[in-house]
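Q: One structure follows; several queries about it will come next.
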Amino acid sequence: MEKILVTGALGQIGSELVMKLREIYGTDQVIATDIRKAEGRIAEGPFEVVDVTDADQLFDVTKKYQVDTMMHLAALLSAKAEENPKLAWHINMGGLVNALEIARELKLQFFTPSSIGAFGPSTPKDQTPQDTLQRPTTMYGVNKVSGELLADYYYTRFGVDTRGVRFPGLISYVTLPGGGTTDYAVEMYYEAVKKGSYTSYIGKGTYMDMMYMPDAINAIIQLMEADANKLQHRNAFNISAFSAAPEDFAASIQKYMPSFTLDYAVDPFRQAIADSWPNNLDSTCAIEEWGFKVEYDLDKMTRDMLSKVKQKQEQ
């Protein structure tokens with residue numbers, strides 16, 4: 001990678017990925033795009049307002065900057081996608097097809113993320129294999145499975161160097177999440193600092209894979225820099241840092257804030273989505289094919305999250 005274009009750059013992943021890429025490859029070598037105007041530190045480097053469902057607009061910006069890599073992050077997340085399935089298909093699949101076509105035409109290296117949402121109730125719950133049954137019951141999940149297959153198709157049919165991971169729930173203090181089922185984990189840290197308590201919309205005992213954002217960002221870069229000849233799966237590597245339920249996050253927070261309390265008011269809509277996902281993933285293929293590893297476990301992440309959220313609240 002030498003010059004990189006990122007779509008969805010103002011989202012939870014993009015806002016941190018862009019800054020890390022600019023730190024490594026140079027500010028002018030990373031072009032951020034989003035459907036909204038730039039804000040914060042991202043505005044200090046190249047930025048373009050782009051609607052990924054407008055193929056011509058996306059092509060023109062990609063061509064203008066003569067990039068060799070596209071990281072396509074623009075998407076509607078799980079809970080939001082269920083509220084408007086038709087819009088989710090239009091953005092998530094229409095935008096992806098446009099991006100892949102541009103990657104094919106301009107011979108770009110290409111990254112787009114999948115998710116644990118690509119699995120469904122019939123998928124094995126524990127140590128979910130890399131290659132297994134995928135029958136999701138949400139529009140977001142349908143989008144993600146379709147995206148995995150589409151990226152594979154562009155690689156096998158056209159030779160596009162497509163790569164991707166299945167992200168677990170991502171936790172970050174930098175940019176608040178935007179409609180994902182695992183967002184409760186981020187909210188819990190903010191409410192712990194603000195009020196000393198949290199009411200979870202996900203029920204006790206609901207385990208899902210999670211990861212701290214610095215590890216997620218490093219995984220993207222590590223995969224994109226990996227030797228292509230060693231990649232067997234390419235577009236949907238299982239990756240995870242730890243599996244946790246709401247009470248596990250609470251117990252971790254209580255190690256640093258003993259008075260913190262957790263209650264529950266389960267949202268049946270989001271609980272049903274969570275129940276359809278695995279408890280934990282088998283990341284063996286990512287480890288063996290490109291050396292995937294993480295730095296943060298739950299407690300190390302909690303310590304950093306609480307510190308950073310407190311700093312943010314004091315600003």
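Each chain in the structure tokens gets a letter, A, B and so on, in the order shown; residues start at 1 in every chain, and ligands are counted from 1 in the order they appear.
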Near Tyr65 in chain A, counting only C-alpha atoms, which residues have an atom at most 10 Å away, once you skip same-chain residues fewer than 2 positions from it, shown as a ChimeraX atom specification?
A: /A:3-5,28-31,46,60-63,67-68
Q: Excluding Met70 in chain A and any residue of its chain fewer than 6 positions from it, enumerate the residues within 7 Å of it, using only C-alpha atoms, and give them as a ChimeraX atom specification.
A: /A:4-6,108-111
Q: Could you name the residues that touch Gly117 in chain A at 9 Å or less, counting only C-alpha atoms, but leaving out those on the same chain fewer than 6 positions away, as a compact mmCIF listing (two decimals) with N, CA and C atoms, in the first residue's frame?
A:
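After the write, part18.txt holds the following:
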# COMPACT_ATOMS: atom_id res chain seq x y z
N SER A 78 -25.95 -3.14 12.09
CA SER A 78 -26.95 -4.19 12.27
C SER A 78 -28.33 -3.69 12.72
N PRO A 136 -27.73 -16.21 8.14
CA PRO A 136 -28.14 -15.13 9.03
C PRO A 136 -29.62 -14.81 8.87
N THR A 138 -30.85 -11.63 9.71
CA THR A 138 -30.99 -10.17 9.66
C THR A 138 -30.55 -9.67 8.28
N TYR A 140 -28.63 -7.12 7.79
CA TYR A 140 -27.21 -6.85 7.92
C TYR A 140 -26.40 -8.12 7.67
N GLY A 141 -26.84 -9.22 8.27
CA GLY A 141 -26.14 -10.49 8.07
C GLY A 141 -26.19 -10.95 6.63
N VAL A 142 -27.36 -10.81 6.00
CA VAL A 142 -27.48 -11.16 4.58
C VAL A 142 -26.52 -10.32 3.75
N LYS A 144 -23.70 -9.03 4.75
CA LYS A 144 -22.32 -9.42 5.02
C LYS A 144 -21.96 -10.73 4.33
N VAL A 145 -22.84 -11.72 4.35
CA VAL A 145 -22.57 -12.96 3.63
C VAL A 145 -22.45 -12.68 2.13
N ARG A 166 -13.86 -10.86 9.54
CA ARG A 166 -15.15 -10.80 10.21
C ARG A 166 -14.92 -10.15 11.57
N PHE A 167 -15.32 -8.89 11.68
CA PHE A 167 -15.10 -8.19 12.94
C PHE A 167 -16.08 -8.65 14.01
N PRO A 168 -15.61 -8.76 15.24
CA PRO A 168 -16.52 -8.92 16.38
C PRO A 168 -17.06 -7.55 16.77
N ILE A 273 -31.21 -10.30 17.75
CA ILE A 273 -30.05 -10.26 16.86
C ILE A 273 -28.85 -10.89 17.55
N ALA A 274 -28.61 -10.50 18.80
CA ALA A 274 -27.47 -11.04 19.55
C ALA A 274 -27.56 -12.55 19.70
N SER A 276 -28.73 -14.64 17.75
CA SER A 276 -28.50 -15.36 16.49
C SER A 276 -27.02 -15.48 16.15
N TRP A 277 -26.17 -14.81 16.94
CA TRP A 277 -24.74 -14.78 16.65
C TRP A 277 -23.97 -15.78 17.51
N PRO A 278 -22.75 -16.12 17.11
CA PRO A 278 -21.93 -17.06 17.90
C PRO A 278 -21.54 -16.48 19.26
Q: As a PyMOL selection string, list the residues of range 60-268 of chain A assigned to strand (DSSP E or B) by DSSP on the backbone atoms of this structure.
A: chain A and resi 69-72+109-111+114-115+128+161-163+165-167+169-171+197-200+208-212+237-238+242-244+261-264
Q: Keeping N, CA and C atoms for every residue in the selection just given, could you write it to a file as a CSV table (one decimal), in the first residue's frame?
A:
chain,number,residue,atom,x,y,z
A,69,THR,N,-4.9,1.6,-3.3
A,69,THR,CA,-5.7,0.8,-2.4
A,69,THR,C,-7.0,1.5,-2.0
A,70,MET,N,-8.0,0.7,-1.9
A,70,MET,CA,-9.3,1.2,-1.3
A,70,MET,C,-9.7,0.4,-0.1
A,71,MET,N,-10.1,1.1,1.0
A,71,MET,CA,-10.6,0.4,2.2
A,71,MET,C,-12.1,0.9,2.3
A,72,HIS,N,-13.0,0.0,2.0
A,72,HIS,CA,-14.4,0.3,1.9
A,72,HIS,C,-15.1,0.0,3.2
A,109,GLN,N,-5.7,-2.7,-4.7
A,109,GLN,CA,-5.9,-3.6,-3.6
A,109,GLN,C,-7.1,-3.2,-2.8
A,110,PHE,N,-7.9,-4.1,-2.3
A,110,PHE,CA,-9.2,-3.8,-1.8
A,110,PHE,C,-9.4,-4.5,-0.4
A,111,PHE,N,-10.0,-3.7,0.5
A,111,PHE,CA,-10.4,-4.2,1.8
A,111,PHE,C,-11.8,-3.8,2.1
A,114,SER,N,-16.2,-7.9,6.9
A,114,SER,CA,-17.5,-8.6,7.3
A,114,SER,C,-17.7,-8.5,8.8
A,115,SER,N,-18.4,-9.4,9.3
A,115,SER,CA,-18.8,-9.3,10.7
A,115,SER,C,-19.3,-10.6,11.3
A,128,THR,N,-16.7,-21.1,16.7
A,128,THR,CA,-17.3,-21.1,15.4
A,128,THR,C,-16.2,-21.2,14.4
A,161,ASP,N,-7.3,-8.0,-5.8
A,161,ASP,CA,-6.7,-8.4,-4.5
A,161,ASP,C,-7.6,-8.0,-3.4
A,162,THR,N,-8.7,-8.8,-3.2
A,162,THR,CA,-9.6,-8.4,-2.1
A,162,THR,C,-9.2,-9.1,-0.8
A,163,ARG,N,-9.5,-8.4,0.3
A,163,ARG,CA,-9.1,-9.0,1.6
A,163,ARG,C,-10.1,-8.5,2.6
A,165,VAL,N,-11.9,-9.2,7.0
A,165,VAL,CA,-12.0,-9.9,8.2
A,165,VAL,C,-13.5,-9.9,8.7
A,166,ARG,N,-13.9,-10.9,9.5
A,166,ARG,CA,-15.2,-10.8,10.2
A,166,ARG,C,-14.9,-10.1,11.6
A,167,PHE,N,-15.3,-8.9,11.7
A,167,PHE,CA,-15.1,-8.2,12.9
A,167,PHE,C,-16.1,-8.6,14.0
A,169,GLY,N,-17.7,-7.4,17.9
A,169,GLY,CA,-18.1,-6.1,18.4
A,169,GLY,C,-16.9,-5.3,18.7
A,170,LEU,N,-16.9,-4.1,18.2
A,170,LEU,CA,-15.7,-3.2,18.4
A,170,LEU,C,-16.0,-2.1,19.5
A,171,ILE,N,-15.0,-1.9,20.3
A,171,ILE,CA,-15.1,-1.0,21.4
A,171,ILE,C,-14.1,0.1,21.3
A,197,SER,N,-23.4,3.7,36.9
A,197,SER,CA,-24.3,2.6,36.7
A,197,SER,C,-24.7,2.5,35.2
A,198,TYR,N,-25.2,1.4,34.8
A,198,TYR,CA,-25.7,1.2,33.5
A,198,TYR,C,-26.8,0.2,33.4
A,199,THR,N,-27.7,0.5,32.5
A,199,THR,CA,-28.8,-0.5,32.3
A,199,THR,C,-28.7,-1.1,30.9
A,200,SER,N,-28.4,-2.4,30.8
A,200,SER,CA,-28.1,-3.0,29.5
A,200,SER,C,-29.3,-3.5,28.8
A,208,MET,N,-20.8,-12.6,23.3
A,208,MET,CA,-20.4,-12.2,22.0
A,208,MET,C,-19.0,-11.9,21.9
A,209,ASP,N,-18.4,-12.1,20.8
A,209,ASP,CA,-17.0,-11.8,20.6
A,209,ASP,C,-16.8,-10.2,20.6
A,210,MET,N,-15.7,-9.8,21.1
A,210,MET,CA,-15.4,-8.3,21.2
A,210,MET,C,-13.9,-8.1,20.9
A,211,MET,N,-13.6,-6.8,20.6
A,211,MET,CA,-12.2,-6.4,20.4
A,211,MET,C,-12.1,-4.9,20.6
A,212,TYR,N,-11.0,-4.5,21.2
A,212,TYR,CA,-10.7,-3.1,21.3
A,212,TYR,C,-10.2,-2.5,20.0
A,237,PHE,N,-11.9,-13.6,7.3
A,237,PHE,CA,-11.1,-14.2,8.4
A,237,PHE,C,-11.8,-14.0,9.7
A,238,ASN,N,-12.1,-15.0,10.4
A,238,ASN,CA,-12.6,-14.9,11.8
A,238,ASN,C,-11.5,-14.2,12.6
A,242,PHE,N,-11.7,-11.4,22.7
A,242,PHE,CA,-12.2,-12.1,23.8
A,242,PHE,C,-13.8,-12.2,23.6
A,243,SER,N,-14.4,-13.2,24.3
A,243,SER,CA,-15.8,-13.3,24.3
A,243,SER,C,-16.3,-12.9,25.7
A,244,ALA,N,-17.4,-12.0,25.7
A,244,ALA,CA,-17.9,-11.5,27.0
A,244,ALA,C,-19.4,-11.3,26.9
A,261,THR,N,-22.6,-0.3,39.2
A,261,THR,CA,-23.7,-1.3,39.2
A,261,THR,C,-24.3,-1.5,37.8
A,262,LEU,N,-24.8,-2.7,37.6
A,262,LEU,CA,-25.3,-3.0,36.3
A,262,LEU,C,-26.7,-3.6,36.5
A,263,ASP,N,-27.7,-3.0,35.7
A,263,ASP,CA,-29.1,-3.5,35.7
A,263,ASP,C,-29.4,-3.9,34.2
A,264,TYR,N,-30.6,-4.5,34.0
A,264,TYR,CA,-31.0,-4.9,32.7
A,264,TYR,C,-32.4,-4.4,32.4
Q: Would you mind listing what lies within 10 Å of Ser307 in chain A as a list of chain:residue names, with only C-alpha atoms counted and same-chain residues fewer than 5 positions away left out?
A: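 So, after excluding close chain neighbours, the residues are A:Tyr173, A:Tyr189, A:Val193, A:Met301, A:Thr302, A:Lys312.
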Q: With only C-alpha atoms as the basis for distance, which of A:Ile35, A:Val186, A:Leu21, A:Ile42 is at the shortest distance from Gln57 in chain A?
A: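 For Gln57 in chain A, the nearest of the given residues is A:Ile35.
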Q: May I have the residues within 9 Å of range 223-226 of chain A as a PDB file with C-alpha atoms, in the first residue's frame, using only C-alpha atoms and disregarding those fewer than 3 positions away in the same chain?
A:
ATOM      1  CA  MET A   1       0.000   0.000   0.000  1.00  0.00           C
ATOM      2  CA  GLN A 109      -5.881  -3.607  -3.622  1.00  0.00           C
ATOM      3  CA  PHE A 110      -9.182  -3.788  -1.758  1.00  0.00           C
ATOM      4  CA  PHE A 111     -10.377  -4.243   1.831  1.00  0.00           C
ATOM      5  CA  ARG A 163      -9.129  -8.987   1.601  1.00  0.00           C
ATOM      6  CA  GLY A 164     -11.327  -8.823   4.690  1.00  0.00           C
ATOM      7  CA  VAL A 165     -12.041  -9.929   8.243  1.00  0.00           C
ATOM      8  CA  ASN A 218      -3.781  -3.186  13.537  1.00  0.00           C
ATOM      9  CA  ALA A 219      -5.497  -6.284  12.146  1.00  0.00           C
ATOM     10  CA  ILE A 220      -6.620  -4.404   9.017  1.00  0.00           C
ATOM     11  CA  ASN A 229       0.498 -16.085  -1.515  1.00  0.00           C
ATOM     12  CA  LYS A 230      -0.157 -17.155   2.078  1.00  0.00           C
ATOM     13  CA  LEU A 231      -3.814 -16.121   2.118  1.00  0.00           C
ATOM     14  CA  ARG A 234      -8.871 -13.693   1.974  1.00  0.00           C
ATOM     15  CA  ALA A 286      -6.051 -15.678  10.655  1.00  0.00           C
ATOM     16  CA  GLU A 289      -2.160 -17.338   7.390  1.00  0.00           C
ATOM     17  CA  TRP A 290      -1.099 -13.806   8.352  1.00  0.00           C
ATOM     18  CA  GLY A 291      -0.028 -13.824  11.992  1.00  0.00           C
ATOM     19  CA  PHE A 292      -3.082 -12.231  13.576  1.00  0.00           C
TER      20      PHE A 292
END
Q: DSSP says helix (DSSP H, G or I) for which residues of range 271-302 of chain A? Put them as a list of chain:residue names?
A: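 Taking range 271-302 of chain A and keeping helix (DSSP H, G or I) only, one gets A:Gln271, A:Ala272, A:Ile273, A:Ala274, A:Asp275, A:Thr284, A:Cys285, A:Ala286, A:Ile287, A:Glu288, A:Glu289, A:Trp290, A:Leu298, A:Asp299, A:Lys300, A:Met301, A:Thr302.
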Q: Only N, CA and C atoms, please: the residues just picked out, written as a PDB file, in the first residue's frame.
A:
ATOM      1  N   GLN A 271     -31.868  -8.028  21.320  1.00  0.00           N
ATOM      2  CA  GLN A 271     -31.536  -9.306  21.940  1.00  0.00           C
ATOM      3  C   GLN A 271     -31.677 -10.454  20.935  1.00  0.00           C
ATOM      4  N   ALA A 272     -32.692 -10.382  20.099  1.00  0.00           N
ATOM      5  CA  ALA A 272     -32.902 -11.427  19.087  1.00  0.00           C
ATOM      6  C   ALA A 272     -31.742 -11.474  18.099  1.00  0.00           C
ATOM      7  N   ILE A 273     -31.212 -10.300  17.749  1.00  0.00           N
ATOM      8  CA  ILE A 273     -30.050 -10.256  16.856  1.00  0.00           C
ATOM      9  C   ILE A 273     -28.848 -10.892  17.545  1.00  0.00           C
ATOM     10  N   ALA A 274     -28.612 -10.505  18.802  1.00  0.00           N
ATOM     11  CA  ALA A 274     -27.469 -11.038  19.545  1.00  0.00           C
ATOM     12  C   ALA A 274     -27.564 -12.552  19.705  1.00  0.00           C
ATOM     13  N   ASP A 275     -28.761 -13.046  19.959  1.00  0.00           N
ATOM     14  CA  ASP A 275     -28.952 -14.485  20.167  1.00  0.00           C
ATOM     15  C   ASP A 275     -28.676 -15.300  18.908  1.00  0.00           C
ATOM     16  N   THR A 284      -8.098 -19.351  14.237  1.00  0.00           N
ATOM     17  CA  THR A 284      -6.891 -20.098  13.858  1.00  0.00           C
ATOM     18  C   THR A 284      -6.392 -19.744  12.463  1.00  0.00           C
ATOM     19  N   CYS A 285      -7.295 -19.635  11.491  1.00  0.00           N
ATOM     20  CA  CYS A 285      -6.867 -19.370  10.117  1.00  0.00           C
ATOM     21  C   CYS A 285      -6.166 -18.019  10.000  1.00  0.00           C
ATOM     22  N   ALA A 286      -6.687 -16.996  10.676  1.00  0.00           N
ATOM     23  CA  ALA A 286      -6.051 -15.678  10.655  1.00  0.00           C
ATOM     24  C   ALA A 286      -4.673 -15.726  11.304  1.00  0.00           C
ATOM     25  N   ILE A 287      -4.559 -16.488  12.373  1.00  0.00           N
ATOM     26  CA  ILE A 287      -3.269 -16.626  13.062  1.00  0.00           C
ATOM     27  C   ILE A 287      -2.257 -17.321  12.163  1.00  0.00           C
ATOM     28  N   GLU A 288      -2.676 -18.392  11.519  1.00  0.00           N
ATOM     29  CA  GLU A 288      -1.755 -19.191  10.713  1.00  0.00           C
ATOM     30  C   GLU A 288      -1.424 -18.544   9.371  1.00  0.00           C
ATOM     31  N   GLU A 289      -2.377 -17.851   8.741  1.00  0.00           N
ATOM     32  CA  GLU A 289      -2.160 -17.338   7.390  1.00  0.00           C
ATOM     33  C   GLU A 289      -1.520 -15.950   7.347  1.00  0.00           C
ATOM     34  N   TRP A 290      -1.744 -15.129   8.389  1.00  0.00           N
ATOM     35  CA  TRP A 290      -1.099 -13.806   8.352  1.00  0.00           C
ATOM     36  C   TRP A 290      -0.671 -13.293   9.726  1.00  0.00           C
ATOM     37  N   LEU A 298      -9.797  -8.254  28.072  1.00  0.00           N
ATOM     38  CA  LEU A 298     -10.893  -7.456  28.626  1.00  0.00           C
ATOM     39  C   LEU A 298     -10.416  -6.475  29.689  1.00  0.00           C
ATOM     40  N   ASP A 299      -9.621  -6.930  30.645  1.00  0.00           N
ATOM     41  CA  ASP A 299      -9.220  -6.043  31.742  1.00  0.00           C
ATOM     42  C   ASP A 299      -8.265  -4.946  31.292  1.00  0.00           C
ATOM     43  N   LYS A 300      -7.352  -5.278  30.398  1.00  0.00           N
ATOM     44  CA  LYS A 300      -6.434  -4.262  29.890  1.00  0.00           C
ATOM     45  C   LYS A 300      -7.196  -3.205  29.096  1.00  0.00           C
ATOM     46  N   MET A 301      -8.190  -3.642  28.329  1.00  0.00           N
ATOM     47  CA  MET A 301      -9.024  -2.702  27.588  1.00  0.00           C
ATOM     48  C   MET A 301      -9.839  -1.832  28.539  1.00  0.00           C
ATOM     49  N   THR A 302     -10.411  -2.444  29.567  1.00  0.00           N
ATOM     50  CA  THR A 302     -11.225  -1.697  30.525  1.00  0.00           C
ATOM     51  C   THR A 302     -10.425  -0.588  31.189  1.00  0.00           C
TER      52      THR A 302
END
Q: Looking at only C-alpha atoms, which of A:Tyr153, A:Val174, A:Pro246, A:Val160 is the one that sits closest to Gln313 in chain A?
A: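 Closest to Gln313 in chain A, using only C-alpha atoms: A:Val174.
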Q: What's the separation between CA of Arg22 in chain A and CA of Val50 in chain A, in Å to one decimal place?
A: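 Taking CA of Arg22 in chain A and CA of Val50 in chain A, their separation equals 19.5 Å.
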Q: Which residues, written as a ChimeraX atom specification, have at least one atom at most 12 Å from Gly40 in chain A, with only C-alpha atoms counted and residues fewer than 6 positions away on the same chain left out?
A: /A:9-10,15-16,18-19,47,174-175
Q: Using only C-alpha atoms, can you tell me which of A:Thr7, A:Thr27, A:Thr182, A:Ser122 comes closest to Leu73 in chain A?
A: A:Thr7
Q: Rank nothing, just name the residue among A:Ala236, A:Ala32, A:Val294, A:Ala38 nearest to Met213 in chain A, using only C-alpha atoms.
A: A:Val294
Q: Give the answer as one residue: which of A:Gly14, A:Gly147, A:Gly8, A:Pro214 has the shortest atom-to-atom distance to Ala75 in chain A, using only C-alpha atoms?
A: A:Gly8
Q: Residues within 6 Å of Asn279 in chain A, please, as a PyMOL selection string. Count only C-alpha atoms; anything in the same chain fewer than 3 positions from it doesn't count.
A: chain A and resi 125-126+207-208
Q: Pick out the closest residue to Ala118 in chain A from this set: A:Ala192, A:Val52, A:Met257, A:Met139. Count only C-alpha atoms.
A: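 Closest to Ala118 in chain A of all the choices is A:Met139.
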